[in-house]
Amino acid sequence: MHNTLKGIMSVIAIGLVPNIAMSLASLFIFMHRPLFHIEYFLVAICFLIFPRFLTFLILVVVLSIDLFISLLPGFYFDLNGLLDAINGIVFLNLASTASL
């Protein structure tokens with residue numbers, strides 16, 4: 001009973017900590033993200049099944065992917081805005097702005 005309760009508490013803690021951290025970061029970075037991502041809870045369940053080192057690596061990979069997607073500005077454009085931004089970059093003439 002004690003191990004079961006300890007396992008449940010660790011799953012909740014491991015699942016909540018990255019979600020809370022990313023939610024707090026979203027307040028400062030202005031990224032739109034759901035309040036909870038279920039993948040952190042799934043990785044937390046893996047802590048009960050797999051060796052801790054392997055699961056820690058999985059957690060780092062999932063967190064890295066979440067940070068990459070959350071911080072990449074292309075995910076926050078609608079398709080027309082993204083195409084306009086790419087079009088503006090392609091036709092940007094940096095030579096005309098350089099001063100000699």
# chains A, B, ... in the order shown; residues from 1 in each chain; ligands from 1
>>> residues_around(residues="Ala13 of chain A", least_positions_apart="3", cutoff="12 Å", atoms="only C-alpha atoms", output="PyMOL selection string")
chain A and resi 6-10+16-20+40-41+43-45+47
>>> atom_distance(atom1="atom CA of Asn3 of chain A", atom2="atom CA of Val60 of chain A")
25.2 Å
>>> closest_residue(among="A:Met22, A:Ile49, A:Ile58, A:Leu5", to="Ser70 of chain A", atoms="only C-alpha atoms")
A:Met22
